[in-house]
>>> print(open('data-v1.cif').read())   # mmCIF, all heavy atoms
data_data
loop_
_atom_site.label_atom_id
_atom_site.label_comp_id
_atom_site.auth_asym_id
_atom_site.auth_seq_id
_atom_site.Cartn_x
_atom_site.Cartn_y
_atom_site.Cartn_z
N MET A 289 19.45 25.79 15.16
CA MET A 289 19.34 24.90 14.04
C MET A 289 19.78 23.50 14.45
O MET A 289 20.70 23.37 15.23
CB MET A 289 20.19 25.39 12.90
CG MET A 289 19.59 26.54 12.16
SD MET A 289 20.74 27.17 10.98
CE MET A 289 21.32 28.55 11.94
N THR A 290 19.13 22.54 13.87
CA THR A 290 19.42 21.15 14.20
C THR A 290 19.92 20.44 12.96
O THR A 290 19.35 20.58 11.89
CB THR A 290 18.14 20.46 14.69
OG1 THR A 290 17.62 21.19 15.78
CG2 THR A 290 18.44 19.04 15.12
N ILE A 291 20.99 19.70 13.12
CA ILE A 291 21.47 18.87 12.01
C ILE A 291 20.69 17.57 12.04
O ILE A 291 20.69 16.87 13.04
CB ILE A 291 22.98 18.61 12.12
CG1 ILE A 291 23.75 19.93 12.01
CG2 ILE A 291 23.43 17.62 11.06
CD1 ILE A 291 25.23 19.79 12.20
N ARG A 292 19.99 17.28 10.96
CA ARG A 292 19.19 16.05 10.85
C ARG A 292 19.84 15.13 9.84
O ARG A 292 19.90 15.44 8.67
CB ARG A 292 17.77 16.39 10.41
CG ARG A 292 17.03 17.23 11.41
CD ARG A 292 15.64 17.48 10.94
NE ARG A 292 14.95 18.39 11.84
CZ ARG A 292 13.75 18.85 11.63
NH1 ARG A 292 13.09 18.50 10.55
NH2 ARG A 292 13.21 19.67 12.49
N PRO A 293 20.33 13.98 10.29
CA PRO A 293 21.05 13.09 9.37
C PRO A 293 20.19 12.48 8.28
O PRO A 293 20.69 11.99 7.30
CB PRO A 293 21.60 12.00 10.29
CG PRO A 293 20.74 12.05 11.49
CD PRO A 293 20.27 13.47 11.62
N MET A 294 18.85 12.53 8.39
CA MET A 294 18.01 11.88 7.38
C MET A 294 18.02 12.63 6.05
O MET A 294 17.66 12.08 5.04
CB MET A 294 16.59 11.75 7.90
CG MET A 294 15.89 13.02 8.19
SD MET A 294 14.32 12.68 8.98
CE MET A 294 14.15 14.14 9.94
N SER A 295 18.43 13.89 6.04
CA SER A 295 18.52 14.62 4.79
C SER A 295 19.97 15.02 4.56
O SER A 295 20.56 15.71 5.37
CB SER A 295 17.64 15.87 4.82
OG SER A 295 17.80 16.58 3.61
N THR A 296 20.54 14.57 3.45
CA THR A 296 21.93 14.87 3.18
C THR A 296 22.10 15.70 1.92
O THR A 296 23.20 15.89 1.45
CB THR A 296 22.74 13.57 3.04
OG1 THR A 296 22.18 12.80 1.99
CG2 THR A 296 22.74 12.79 4.34
N ILE A 297 20.99 16.18 1.37
CA ILE A 297 21.04 16.95 0.13
C ILE A 297 20.51 18.35 0.38
O ILE A 297 19.44 18.53 0.97
CB ILE A 297 20.22 16.27 -0.98
CG1 ILE A 297 20.79 14.88 -1.27
CG2 ILE A 297 20.20 17.11 -2.24
CD1 ILE A 297 19.96 14.07 -2.24
N CYS A 298 21.25 19.35 -0.06
CA CYS A 298 20.80 20.73 0.06
C CYS A 298 19.59 20.95 -0.85
O CYS A 298 19.60 20.58 -2.02
CB CYS A 298 21.93 21.67 -0.34
SG CYS A 298 21.45 23.42 -0.34
N ALA A 299 18.55 21.55 -0.30
CA ALA A 299 17.32 21.78 -1.06
C ALA A 299 17.51 22.81 -2.16
O ALA A 299 16.74 22.85 -3.12
CB ALA A 299 16.21 22.23 -0.13
N ASN A 300 18.55 23.63 -2.06
CA ASN A 300 18.76 24.68 -3.05
C ASN A 300 19.71 24.24 -4.17
O ASN A 300 19.39 24.38 -5.34
CB ASN A 300 19.29 25.94 -2.36
CG ASN A 300 19.34 27.13 -3.28
OD1 ASN A 300 18.35 27.49 -3.89
ND2 ASN A 300 20.50 27.74 -3.39
N CYS A 301 20.87 23.71 -3.82
CA CYS A 301 21.87 23.39 -4.84
C CYS A 301 21.99 21.88 -5.13
O CYS A 301 22.76 21.49 -6.01
CB CYS A 301 23.24 23.95 -4.44
SG CYS A 301 23.99 23.13 -3.02
N ASP A 302 21.28 21.04 -4.39
CA ASP A 302 21.28 19.58 -4.57
C ASP A 302 22.64 18.93 -4.32
O ASP A 302 22.88 17.81 -4.76
CB ASP A 302 20.79 19.19 -5.97
CG ASP A 302 19.32 19.49 -6.17
OD1 ASP A 302 18.57 19.42 -5.19
OD2 ASP A 302 18.94 19.79 -7.31
N ASP A 303 23.54 19.63 -3.61
CA ASP A 303 24.86 19.07 -3.30
C ASP A 303 24.70 18.08 -2.14
O ASP A 303 24.14 18.41 -1.11
CB ASP A 303 25.83 20.19 -2.91
CG ASP A 303 27.26 19.71 -2.85
OD1 ASP A 303 27.50 18.50 -2.69
OD2 ASP A 303 28.16 20.57 -2.97
N ASP A 304 25.20 16.87 -2.33
CA ASP A 304 25.11 15.88 -1.27
C ASP A 304 26.45 15.63 -0.59
O ASP A 304 26.58 14.73 0.24
CB ASP A 304 24.52 14.57 -1.79
CG ASP A 304 25.39 13.93 -2.86
OD1 ASP A 304 26.39 14.54 -3.27
OD2 ASP A 304 25.06 12.81 -3.28
N SER A 305 27.47 16.43 -0.92
CA SER A 305 28.79 16.23 -0.32
C SER A 305 29.03 17.17 0.87
O SER A 305 30.03 17.02 1.57
CB SER A 305 29.88 16.46 -1.37
OG SER A 305 29.89 17.81 -1.79
N LEU A 306 28.13 18.12 1.11
CA LEU A 306 28.28 19.06 2.21
C LEU A 306 27.25 18.78 3.30
O LEU A 306 26.15 18.31 3.01
CB LEU A 306 28.06 20.50 1.70
CG LEU A 306 29.03 20.99 0.63
CD1 LEU A 306 28.56 22.32 0.07
CD2 LEU A 306 30.43 21.12 1.20
N PRO A 307 27.61 19.06 4.56
CA PRO A 307 26.60 18.90 5.62
C PRO A 307 25.49 19.93 5.45
O PRO A 307 25.74 21.05 5.00
CB PRO A 307 27.39 19.14 6.90
CG PRO A 307 28.63 19.84 6.51
CD PRO A 307 28.89 19.51 5.07
N VAL A 308 24.28 19.54 5.78
CA VAL A 308 23.14 20.45 5.68
C VAL A 308 22.52 20.66 7.06
O VAL A 308 22.69 19.83 7.95
CB VAL A 308 22.06 19.95 4.69
CG1 VAL A 308 22.61 19.88 3.28
CG2 VAL A 308 21.51 18.61 5.12
N GLN A 309 21.82 21.77 7.21
CA GLN A 309 21.07 22.06 8.42
C GLN A 309 19.65 22.41 8.02
O GLN A 309 19.43 23.08 7.01
CB GLN A 309 21.67 23.25 9.17
CG GLN A 309 23.04 22.99 9.73
CD GLN A 309 23.57 24.20 10.47
OE1 GLN A 309 23.19 25.32 10.19
NE2 GLN A 309 24.44 23.96 11.43
N TRP A 310 18.70 21.96 8.83
CA TRP A 310 17.31 22.34 8.60
C TRP A 310 17.14 23.76 9.11
O TRP A 310 17.51 24.07 10.24
CB TRP A 310 16.37 21.39 9.32
CG TRP A 310 16.23 20.10 8.56
CD1 TRP A 310 16.96 18.97 8.73
CD2 TRP A 310 15.32 19.85 7.50
NE1 TRP A 310 16.57 18.02 7.84
CE2 TRP A 310 15.56 18.53 7.08
CE3 TRP A 310 14.34 20.60 6.86
CZ2 TRP A 310 14.83 17.94 6.04
CZ3 TRP A 310 13.62 20.01 5.84
CH2 TRP A 310 13.87 18.69 5.44
N CYS A 311 16.60 24.63 8.28
CA CYS A 311 16.43 26.03 8.63
C CYS A 311 15.00 26.46 8.37
O CYS A 311 14.36 25.99 7.43
CB CYS A 311 17.34 26.91 7.76
SG CYS A 311 19.08 26.50 7.85
N HIS A 312 14.51 27.37 9.21
CA HIS A 312 13.24 28.03 8.94
C HIS A 312 13.56 29.33 8.21
O HIS A 312 14.31 30.15 8.73
CB HIS A 312 12.50 28.33 10.24
CG HIS A 312 11.96 27.12 10.90
ND1 HIS A 312 12.66 26.41 11.85
CD2 HIS A 312 10.80 26.45 10.72
CE1 HIS A 312 11.95 25.38 12.24
NE2 HIS A 312 10.81 25.37 11.57
N VAL A 313 13.03 29.48 7.02
CA VAL A 313 13.27 30.67 6.21
C VAL A 313 12.01 31.52 6.25
O VAL A 313 10.94 31.09 5.82
CB VAL A 313 13.63 30.29 4.75
CG1 VAL A 313 13.87 31.54 3.92
CG2 VAL A 313 14.84 29.37 4.72
N TYR A 314 12.15 32.73 6.79
CA TYR A 314 11.03 33.67 6.91
C TYR A 314 11.07 34.60 5.70
O TYR A 314 11.99 35.40 5.55
CB TYR A 314 11.13 34.46 8.21
CG TYR A 314 10.93 33.59 9.43
CD1 TYR A 314 11.98 32.84 9.95
CD2 TYR A 314 9.70 33.51 10.04
CE1 TYR A 314 11.80 32.03 11.06
CE2 TYR A 314 9.50 32.70 11.16
CZ TYR A 314 10.56 31.97 11.65
OH TYR A 314 10.37 31.16 12.75
N LEU A 315 10.07 34.46 4.84
CA LEU A 315 10.03 35.22 3.60
C LEU A 315 9.39 36.59 3.82
O LEU A 315 8.62 36.78 4.76
CB LEU A 315 9.24 34.45 2.54
CG LEU A 315 9.73 33.01 2.28
CD1 LEU A 315 8.80 32.33 1.32
CD2 LEU A 315 11.15 33.02 1.77
N SER A 316 9.67 37.51 2.93
CA SER A 316 9.10 38.86 3.03
C SER A 316 7.60 38.86 2.78
O SER A 316 6.92 39.84 3.06
CB SER A 316 9.80 39.81 2.07
OG SER A 316 9.67 39.36 0.74
N THR A 317 7.05 37.75 2.30
CA THR A 317 5.61 37.62 2.06
C THR A 317 4.90 37.07 3.30
O THR A 317 3.75 36.64 3.21
CB THR A 317 5.36 36.68 0.88
OG1 THR A 317 5.96 35.42 1.16
CG2 THR A 317 5.91 37.25 -0.41
N ASP A 318 5.58 37.04 4.45
CA ASP A 318 5.07 36.53 5.72
C ASP A 318 4.87 35.03 5.73
O ASP A 318 4.15 34.50 6.57
CB ASP A 318 3.76 37.23 6.13
CG ASP A 318 3.99 38.69 6.48
OD1 ASP A 318 5.11 39.02 6.92
OD2 ASP A 318 3.07 39.49 6.30
N GLU A 319 5.49 34.32 4.82
CA GLU A 319 5.44 32.87 4.81
C GLU A 319 6.71 32.33 5.45
O GLU A 319 7.75 33.00 5.45
CB GLU A 319 5.34 32.34 3.38
CG GLU A 319 4.06 32.72 2.68
CD GLU A 319 4.08 32.32 1.22
OE1 GLU A 319 4.89 32.86 0.47
OE2 GLU A 319 3.28 31.44 0.87
N VAL A 320 6.63 31.12 5.99
CA VAL A 320 7.79 30.46 6.58
C VAL A 320 7.91 29.08 5.95
O VAL A 320 6.93 28.34 5.87
CB VAL A 320 7.63 30.31 8.11
CG1 VAL A 320 8.84 29.61 8.70
CG2 VAL A 320 7.41 31.66 8.76
N VAL A 321 9.11 28.76 5.49
CA VAL A 321 9.36 27.44 4.92
C VAL A 321 10.52 26.80 5.68
O VAL A 321 11.42 27.49 6.17
CB VAL A 321 9.67 27.49 3.41
CG1 VAL A 321 8.46 27.92 2.63
CG2 VAL A 321 10.83 28.40 3.12
N GLU A 322 10.48 25.48 5.79
CA GLU A 322 11.56 24.74 6.43
C GLU A 322 12.29 23.96 5.35
O GLU A 322 11.67 23.15 4.65
CB GLU A 322 11.02 23.79 7.50
CG GLU A 322 12.12 23.07 8.25
CD GLU A 322 11.57 22.13 9.31
OE1 GLU A 322 10.46 21.62 9.15
OE2 GLU A 322 12.28 21.91 10.28
N VAL A 323 13.57 24.22 5.20
CA VAL A 323 14.36 23.56 4.17
C VAL A 323 15.73 23.16 4.71
O VAL A 323 16.23 23.77 5.65
CB VAL A 323 14.55 24.46 2.92
CG1 VAL A 323 13.26 24.67 2.18
CG2 VAL A 323 15.16 25.78 3.29
N ALA A 324 16.31 22.15 4.10
CA ALA A 324 17.67 21.74 4.44
C ALA A 324 18.62 22.50 3.52
O ALA A 324 18.49 22.43 2.30
CB ALA A 324 17.83 20.24 4.24
N LEU A 325 19.55 23.24 4.12
CA LEU A 325 20.48 24.06 3.34
C LEU A 325 21.92 23.80 3.76
O LEU A 325 22.21 23.63 4.95
CB LEU A 325 20.19 25.55 3.55
CG LEU A 325 18.84 26.07 3.11
CD1 LEU A 325 18.65 27.51 3.55
CD2 LEU A 325 18.68 25.95 1.60
N CYS A 326 22.83 23.80 2.78
CA CYS A 326 24.25 23.77 3.10
C CYS A 326 24.65 25.19 3.54
O CYS A 326 23.86 26.13 3.40
CB CYS A 326 25.07 23.32 1.89
SG CYS A 326 25.08 24.46 0.49
N GLU A 327 25.83 25.34 4.07
CA GLU A 327 26.23 26.64 4.61
C GLU A 327 26.27 27.73 3.53
O GLU A 327 25.89 28.86 3.75
CB GLU A 327 27.59 26.54 5.31
CG GLU A 327 27.98 27.77 6.08
CD GLU A 327 27.01 28.15 7.19
OE1 GLU A 327 26.38 27.27 7.78
OE2 GLU A 327 26.86 29.36 7.44
N GLY A 328 26.73 27.38 2.33
CA GLY A 328 26.80 28.36 1.25
C GLY A 328 25.42 28.86 0.84
O GLY A 328 25.20 30.06 0.66
N CYS A 329 24.47 27.96 0.71
CA CYS A 329 23.11 28.36 0.33
C CYS A 329 22.42 29.08 1.48
O CYS A 329 21.64 30.00 1.26
CB CYS A 329 22.31 27.15 -0.12
SG CYS A 329 22.86 26.53 -1.73
N ARG A 330 22.71 28.67 2.71
CA ARG A 330 22.14 29.37 3.86
C ARG A 330 22.57 30.84 3.82
O ARG A 330 21.77 31.74 4.02
CB ARG A 330 22.59 28.72 5.17
CG ARG A 330 21.97 29.37 6.39
CD ARG A 330 22.50 28.73 7.67
NE ARG A 330 21.93 29.38 8.81
CZ ARG A 330 22.34 30.54 9.32
NH1 ARG A 330 23.34 31.17 8.76
NH2 ARG A 330 21.74 31.07 10.36
N TYR A 331 23.84 31.09 3.52
CA TYR A 331 24.33 32.47 3.43
C TYR A 331 23.62 33.21 2.30
O TYR A 331 23.24 34.38 2.45
CB TYR A 331 25.84 32.49 3.20
CG TYR A 331 26.38 33.88 3.04
CD1 TYR A 331 26.55 34.71 4.14
CD2 TYR A 331 26.69 34.38 1.78
CE1 TYR A 331 27.03 36.00 3.99
CE2 TYR A 331 27.16 35.66 1.62
CZ TYR A 331 27.33 36.47 2.72
OH TYR A 331 27.80 37.75 2.56
N ARG A 332 23.41 32.56 1.18
CA ARG A 332 22.70 33.20 0.06
C ARG A 332 21.27 33.58 0.46
O ARG A 332 20.77 34.64 0.09
CB ARG A 332 22.67 32.28 -1.15
CG ARG A 332 23.99 32.17 -1.82
CD ARG A 332 23.89 31.35 -3.12
NE ARG A 332 25.21 30.89 -3.46
CZ ARG A 332 25.63 29.64 -3.37
NH1 ARG A 332 24.82 28.70 -2.97
NH2 ARG A 332 26.85 29.31 -3.69
N PHE A 333 20.62 32.71 1.22
CA PHE A 333 19.26 33.01 1.68
C PHE A 333 19.27 34.16 2.68
O PHE A 333 18.42 35.04 2.63
CB PHE A 333 18.63 31.77 2.31
CG PHE A 333 17.96 30.85 1.31
CD1 PHE A 333 18.70 30.22 0.32
CD2 PHE A 333 16.61 30.62 1.37
CE1 PHE A 333 18.10 29.39 -0.59
CE2 PHE A 333 15.98 29.79 0.45
CZ PHE A 333 16.73 29.16 -0.53
N VAL A 334 20.23 34.17 3.60
CA VAL A 334 20.32 35.23 4.62
C VAL A 334 20.47 36.60 3.96
O VAL A 334 19.91 37.59 4.43
CB VAL A 334 21.49 34.96 5.59
CG1 VAL A 334 21.80 36.17 6.44
CG2 VAL A 334 21.17 33.77 6.48
N THR A 335 21.21 36.65 2.87
CA THR A 335 21.48 37.94 2.22
C THR A 335 20.49 38.30 1.11
O THR A 335 20.60 39.37 0.52
CB THR A 335 22.91 37.96 1.64
OG1 THR A 335 23.05 36.88 0.70
CG2 THR A 335 23.95 37.80 2.74
N ALA A 336 19.53 37.43 0.84
CA ALA A 336 18.55 37.70 -0.22
C ALA A 336 17.56 38.78 0.23
O ALA A 336 17.15 38.82 1.39
CB ALA A 336 17.79 36.43 -0.58
N GLU A 337 17.17 39.65 -0.68
CA GLU A 337 16.24 40.74 -0.37
C GLU A 337 14.86 40.24 0.00
O GLU A 337 14.16 40.88 0.77
CB GLU A 337 16.13 41.69 -1.57
CG GLU A 337 17.38 42.49 -1.83
CD GLU A 337 17.22 43.43 -3.01
OE1 GLU A 337 16.08 43.63 -3.47
OE2 GLU A 337 18.24 43.96 -3.47
N TRP A 338 14.46 39.09 -0.52
CA TRP A 338 13.11 38.58 -0.29
C TRP A 338 13.00 37.71 0.96
O TRP A 338 11.97 37.12 1.24
CB TRP A 338 12.64 37.81 -1.52
CG TRP A 338 13.66 36.87 -2.07
CD1 TRP A 338 14.63 37.15 -3.00
CD2 TRP A 338 13.84 35.49 -1.73
NE1 TRP A 338 15.39 36.04 -3.25
CE2 TRP A 338 14.92 35.01 -2.49
CE3 TRP A 338 13.19 34.62 -0.87
CZ2 TRP A 338 15.38 33.70 -2.40
CZ3 TRP A 338 13.65 33.32 -0.79
CH2 TRP A 338 14.73 32.87 -1.54
N VAL A 339 14.11 37.62 1.73
CA VAL A 339 14.12 36.84 2.97
C VAL A 339 14.28 37.78 4.15
O VAL A 339 15.16 38.64 4.15
CB VAL A 339 15.27 35.81 2.95
CG1 VAL A 339 15.39 35.11 4.28
CG2 VAL A 339 15.06 34.80 1.83
N GLU A 340 13.41 37.62 5.14
CA GLU A 340 13.48 38.44 6.36
C GLU A 340 14.49 37.85 7.34
O GLU A 340 15.22 38.59 7.99
CB GLU A 340 12.11 38.54 7.01
CG GLU A 340 11.07 39.25 6.15
CD GLU A 340 11.40 40.72 5.94
OE1 GLU A 340 11.90 41.37 6.88
OE2 GLU A 340 11.16 41.20 4.82
N ALA A 341 14.49 36.52 7.50
CA ALA A 341 15.40 35.87 8.46
C ALA A 341 15.52 34.39 8.13
O ALA A 341 14.64 33.79 7.53
CB ALA A 341 14.86 36.03 9.88
N VAL A 342 16.65 33.82 8.55
CA VAL A 342 16.88 32.38 8.46
C VAL A 342 17.28 31.93 9.86
O VAL A 342 18.25 32.39 10.42
CB VAL A 342 17.98 32.04 7.45
CG1 VAL A 342 18.24 30.53 7.43
CG2 VAL A 342 17.63 32.54 6.07
N VAL A 343 16.48 31.02 10.42
CA VAL A 343 16.73 30.56 11.79
C VAL A 343 16.85 29.05 11.79
O VAL A 343 16.13 28.37 11.12
CB VAL A 343 15.57 30.99 12.72
CG1 VAL A 343 15.84 30.53 14.14
CG2 VAL A 343 15.39 32.48 12.64
#
>>> encode(input="data-v1.cif", output="structure tokens")
Amino acid sequence: MTIRPMSTICANCDDDSLPVQWCHVYLSTDEVVEVALCEGCRYRFVTAEWVEAVV
């Protein structure tokens, strides 16, 4: 994962006070999305039933 300074807002919770990382989220529907997530939301995505992997 790469920290990109151009995005400072988590795509899930809209918090701008935490560092974010760009992640590839592999969905159970075989789709892949790239989103900026804070560590808390990244953990929520990793443990979600509809997510295969977060890289």
>>> resolve_selection(input="data-v1.cif", expression="the PyMOL selection byres ((chain A and resi 308) around 4.5)", output="PDB file with all heavy atoms, in the coordinates of the input")
ATOM      1  N   ILE A 291      20.990  19.700  13.120  1.00  0.00           N
ATOM      2  CA  ILE A 291      21.470  18.870  12.010  1.00  0.00           C
ATOM      3  C   ILE A 291      20.690  17.570  12.040  1.00  0.00           C
ATOM      4  O   ILE A 291      20.690  16.870  13.040  1.00  0.00           O
ATOM      5  CB  ILE A 291      22.980  18.610  12.120  1.00  0.00           C
ATOM      6  CG1 ILE A 291      23.750  19.930  12.010  1.00  0.00           C
ATOM      7  CG2 ILE A 291      23.430  17.620  11.060  1.00  0.00           C
ATOM      8  CD1 ILE A 291      25.230  19.790  12.200  1.00  0.00           C
ATOM      9  N   SER A 295      18.430  13.890   6.040  1.00  0.00           N
ATOM     10  CA  SER A 295      18.520  14.620   4.790  1.00  0.00           C
ATOM     11  C   SER A 295      19.970  15.020   4.560  1.00  0.00           C
ATOM     12  O   SER A 295      20.560  15.710   5.370  1.00  0.00           O
ATOM     13  CB  SER A 295      17.640  15.870   4.820  1.00  0.00           C
ATOM     14  OG  SER A 295      17.800  16.580   3.610  1.00  0.00           O
ATOM     15  N   THR A 296      20.540  14.570   3.450  1.00  0.00           N
ATOM     16  CA  THR A 296      21.930  14.870   3.180  1.00  0.00           C
ATOM     17  C   THR A 296      22.100  15.700   1.920  1.00  0.00           C
ATOM     18  O   THR A 296      23.200  15.890   1.450  1.00  0.00           O
ATOM     19  CB  THR A 296      22.740  13.570   3.040  1.00  0.00           C
ATOM     20  OG1 THR A 296      22.180  12.800   1.990  1.00  0.00           O
ATOM     21  CG2 THR A 296      22.740  12.790   4.340  1.00  0.00           C
ATOM     22  N   ILE A 297      20.990  16.180   1.370  1.00  0.00           N
ATOM     23  CA  ILE A 297      21.040  16.950   0.130  1.00  0.00           C
ATOM     24  C   ILE A 297      20.510  18.350   0.380  1.00  0.00           C
ATOM     25  O   ILE A 297      19.440  18.530   0.970  1.00  0.00           O
ATOM     26  CB  ILE A 297      20.220  16.270  -0.980  1.00  0.00           C
ATOM     27  CG1 ILE A 297      20.790  14.880  -1.270  1.00  0.00           C
ATOM     28  CG2 ILE A 297      20.200  17.110  -2.240  1.00  0.00           C
ATOM     29  CD1 ILE A 297      19.960  14.070  -2.240  1.00  0.00           C
ATOM     30  N   CYS A 298      21.250  19.350  -0.060  1.00  0.00           N
ATOM     31  CA  CYS A 298      20.800  20.730   0.060  1.00  0.00           C
ATOM     32  C   CYS A 298      19.590  20.950  -0.850  1.00  0.00           C
ATOM     33  O   CYS A 298      19.600  20.580  -2.020  1.00  0.00           O
ATOM     34  CB  CYS A 298      21.930  21.670  -0.340  1.00  0.00           C
ATOM     35  SG  CYS A 298      21.450  23.420  -0.340  1.00  0.00           S
ATOM     36  N   LEU A 306      28.130  18.120   1.110  1.00  0.00           N
ATOM     37  CA  LEU A 306      28.280  19.060   2.210  1.00  0.00           C
ATOM     38  C   LEU A 306      27.250  18.780   3.300  1.00  0.00           C
ATOM     39  O   LEU A 306      26.150  18.310   3.010  1.00  0.00           O
ATOM     40  CB  LEU A 306      28.060  20.500   1.700  1.00  0.00           C
ATOM     41  CG  LEU A 306      29.030  20.990   0.630  1.00  0.00           C
ATOM     42  CD1 LEU A 306      28.560  22.320   0.070  1.00  0.00           C
ATOM     43  CD2 LEU A 306      30.430  21.120   1.200  1.00  0.00           C
ATOM     44  N   PRO A 307      27.610  19.060   4.560  1.00  0.00           N
ATOM     45  CA  PRO A 307      26.600  18.900   5.620  1.00  0.00           C
ATOM     46  C   PRO A 307      25.490  19.930   5.450  1.00  0.00           C
ATOM     47  O   PRO A 307      25.740  21.050   5.000  1.00  0.00           O
ATOM     48  CB  PRO A 307      27.390  19.140   6.900  1.00  0.00           C
ATOM     49  CG  PRO A 307      28.630  19.840   6.510  1.00  0.00           C
ATOM     50  CD  PRO A 307      28.890  19.510   5.070  1.00  0.00           C
ATOM     51  N   GLN A 309      21.820  21.770   7.210  1.00  0.00           N
ATOM     52  CA  GLN A 309      21.070  22.060   8.420  1.00  0.00           C
ATOM     53  C   GLN A 309      19.650  22.410   8.020  1.00  0.00           C
ATOM     54  O   GLN A 309      19.430  23.080   7.010  1.00  0.00           O
ATOM     55  CB  GLN A 309      21.670  23.250   9.170  1.00  0.00           C
ATOM     56  CG  GLN A 309      23.040  22.990   9.730  1.00  0.00           C
ATOM     57  CD  GLN A 309      23.570  24.200  10.470  1.00  0.00           C
ATOM     58  OE1 GLN A 309      23.190  25.320  10.190  1.00  0.00           O
ATOM     59  NE2 GLN A 309      24.440  23.960  11.430  1.00  0.00           N
ATOM     60  N   TRP A 310      18.700  21.960   8.830  1.00  0.00           N
ATOM     61  CA  TRP A 310      17.310  22.340   8.600  1.00  0.00           C
ATOM     62  C   TRP A 310      17.140  23.760   9.110  1.00  0.00           C
ATOM     63  O   TRP A 310      17.510  24.070  10.240  1.00  0.00           O
ATOM     64  CB  TRP A 310      16.370  21.390   9.320  1.00  0.00           C
ATOM     65  CG  TRP A 310      16.230  20.100   8.560  1.00  0.00           C
ATOM     66  CD1 TRP A 310      16.960  18.970   8.730  1.00  0.00           C
ATOM     67  CD2 TRP A 310      15.320  19.850   7.500  1.00  0.00           C
ATOM     68  NE1 TRP A 310      16.570  18.020   7.840  1.00  0.00           N
ATOM     69  CE2 TRP A 310      15.560  18.530   7.080  1.00  0.00           C
ATOM     70  CE3 TRP A 310      14.340  20.600   6.860  1.00  0.00           C
ATOM     71  CZ2 TRP A 310      14.830  17.940   6.040  1.00  0.00           C
ATOM     72  CZ3 TRP A 310      13.620  20.010   5.840  1.00  0.00           C
ATOM     73  CH2 TRP A 310      13.870  18.690   5.440  1.00  0.00           C
ATOM     74  N   ALA A 324      16.310  22.150   4.100  1.00  0.00           N
ATOM     75  CA  ALA A 324      17.670  21.740   4.440  1.00  0.00           C
ATOM     76  C   ALA A 324      18.620  22.500   3.520  1.00  0.00           C
ATOM     77  O   ALA A 324      18.490  22.430   2.300  1.00  0.00           O
ATOM     78  CB  ALA A 324      17.830  20.240   4.240  1.00  0.00           C
ATOM     79  N   LEU A 325      19.550  23.240   4.120  1.00  0.00           N
ATOM     80  CA  LEU A 325      20.480  24.060   3.340  1.00  0.00           C
ATOM     81  C   LEU A 325      21.920  23.800   3.760  1.00  0.00           C
ATOM     82  O   LEU A 325      22.210  23.630   4.950  1.00  0.00           O
ATOM     83  CB  LEU A 325      20.190  25.550   3.550  1.00  0.00           C
ATOM     84  CG  LEU A 325      18.840  26.070   3.110  1.00  0.00           C
ATOM     85  CD1 LEU A 325      18.650  27.510   3.550  1.00  0.00           C
ATOM     86  CD2 LEU A 325      18.680  25.950   1.600  1.00  0.00           C
ATOM     87  N   CYS A 326      22.830  23.800   2.780  1.00  0.00           N
ATOM     88  CA  CYS A 326      24.250  23.770   3.100  1.00  0.00           C
ATOM     89  C   CYS A 326      24.650  25.190   3.540  1.00  0.00           C
ATOM     90  O   CYS A 326      23.860  26.130   3.400  1.00  0.00           O
ATOM     91  CB  CYS A 326      25.070  23.320   1.890  1.00  0.00           C
ATOM     92  SG  CYS A 326      25.080  24.460   0.490  1.00  0.00           S
TER      93      CYS A 326
END
>>> select_by_dssp(input="data-v1.cif", residues="segment 306-338 of chain A", states="strand (DSSP E)", output="VMD selection string")
chain A and resid 308 to 315 320 to 326
>>> residues_around(input="data-v1.cif", residues="Glu340 of chain A", least_positions_apart="6", cutoff="4.5 Å", atoms="all atoms listed in the file", output="ChimeraX atom specification")
/A:314-316
>>> write_last_selection(input="data-v1.cif", atoms="all heavy atoms", output="PDB file, keeping the file's coordinate frame")
ATOM      1  N   TYR A 314      12.150  32.730   6.790  1.00  0.00           N
ATOM      2  CA  TYR A 314      11.030  33.670   6.910  1.00  0.00           C
ATOM      3  C   TYR A 314      11.070  34.600   5.700  1.00  0.00           C
ATOM      4  O   TYR A 314      11.990  35.400   5.550  1.00  0.00           O
ATOM      5  CB  TYR A 314      11.130  34.460   8.210  1.00  0.00           C
ATOM      6  CG  TYR A 314      10.930  33.590   9.430  1.00  0.00           C
ATOM      7  CD1 TYR A 314      11.980  32.840   9.950  1.00  0.00           C
ATOM      8  CD2 TYR A 314       9.700  33.510  10.040  1.00  0.00           C
ATOM      9  CE1 TYR A 314      11.800  32.030  11.060  1.00  0.00           C
ATOM     10  CE2 TYR A 314       9.500  32.700  11.160  1.00  0.00           C
ATOM     11  CZ  TYR A 314      10.560  31.970  11.650  1.00  0.00           C
ATOM     12  OH  TYR A 314      10.370  31.160  12.750  1.00  0.00           O
ATOM     13  N   LEU A 315      10.070  34.460   4.840  1.00  0.00           N
ATOM     14  CA  LEU A 315      10.030  35.220   3.600  1.00  0.00           C
ATOM     15  C   LEU A 315       9.390  36.590   3.820  1.00  0.00           C
ATOM     16  O   LEU A 315       8.620  36.780   4.760  1.00  0.00           O
ATOM     17  CB  LEU A 315       9.240  34.450   2.540  1.00  0.00           C
ATOM     18  CG  LEU A 315       9.730  33.010   2.280  1.00  0.00           C
ATOM     19  CD1 LEU A 315       8.800  32.330   1.320  1.00  0.00           C
ATOM     20  CD2 LEU A 315      11.150  33.020   1.770  1.00  0.00           C
ATOM     21  N   SER A 316       9.670  37.510   2.930  1.00  0.00           N
ATOM     22  CA  SER A 316       9.100  38.860   3.030  1.00  0.00           C
ATOM     23  C   SER A 316       7.600  38.860   2.780  1.00  0.00           C
ATOM     24  O   SER A 316       6.920  39.840   3.060  1.00  0.00           O
ATOM     25  CB  SER A 316       9.800  39.810   2.070  1.00  0.00           C
ATOM     26  OG  SER A 316       9.670  39.360   0.740  1.00  0.00           O
TER      27      SER A 316
END
>>> atom_distance(input="data-v1.cif", atom1="atom N of Ala299 of chain A", atom2="atom CB of Val323 of chain A")
5.9 Å
>>> closest_residue(input="data-v1.cif", among="A:Glu327, A:Asp318, A:Asp304, A:Val313", to="Val339 of chain A", atoms="all atoms listed in the file")
A:Val313
>>> residues_around(input="data-v1.cif", residues="segment 328-332 of chain A", least_positions_apart="6", cutoff="4 Å", atoms="all atoms listed in the file", output="list of chain:residue names")
A:Met289, A:Cys298, A:Asn300, A:Cys301, A:Val342
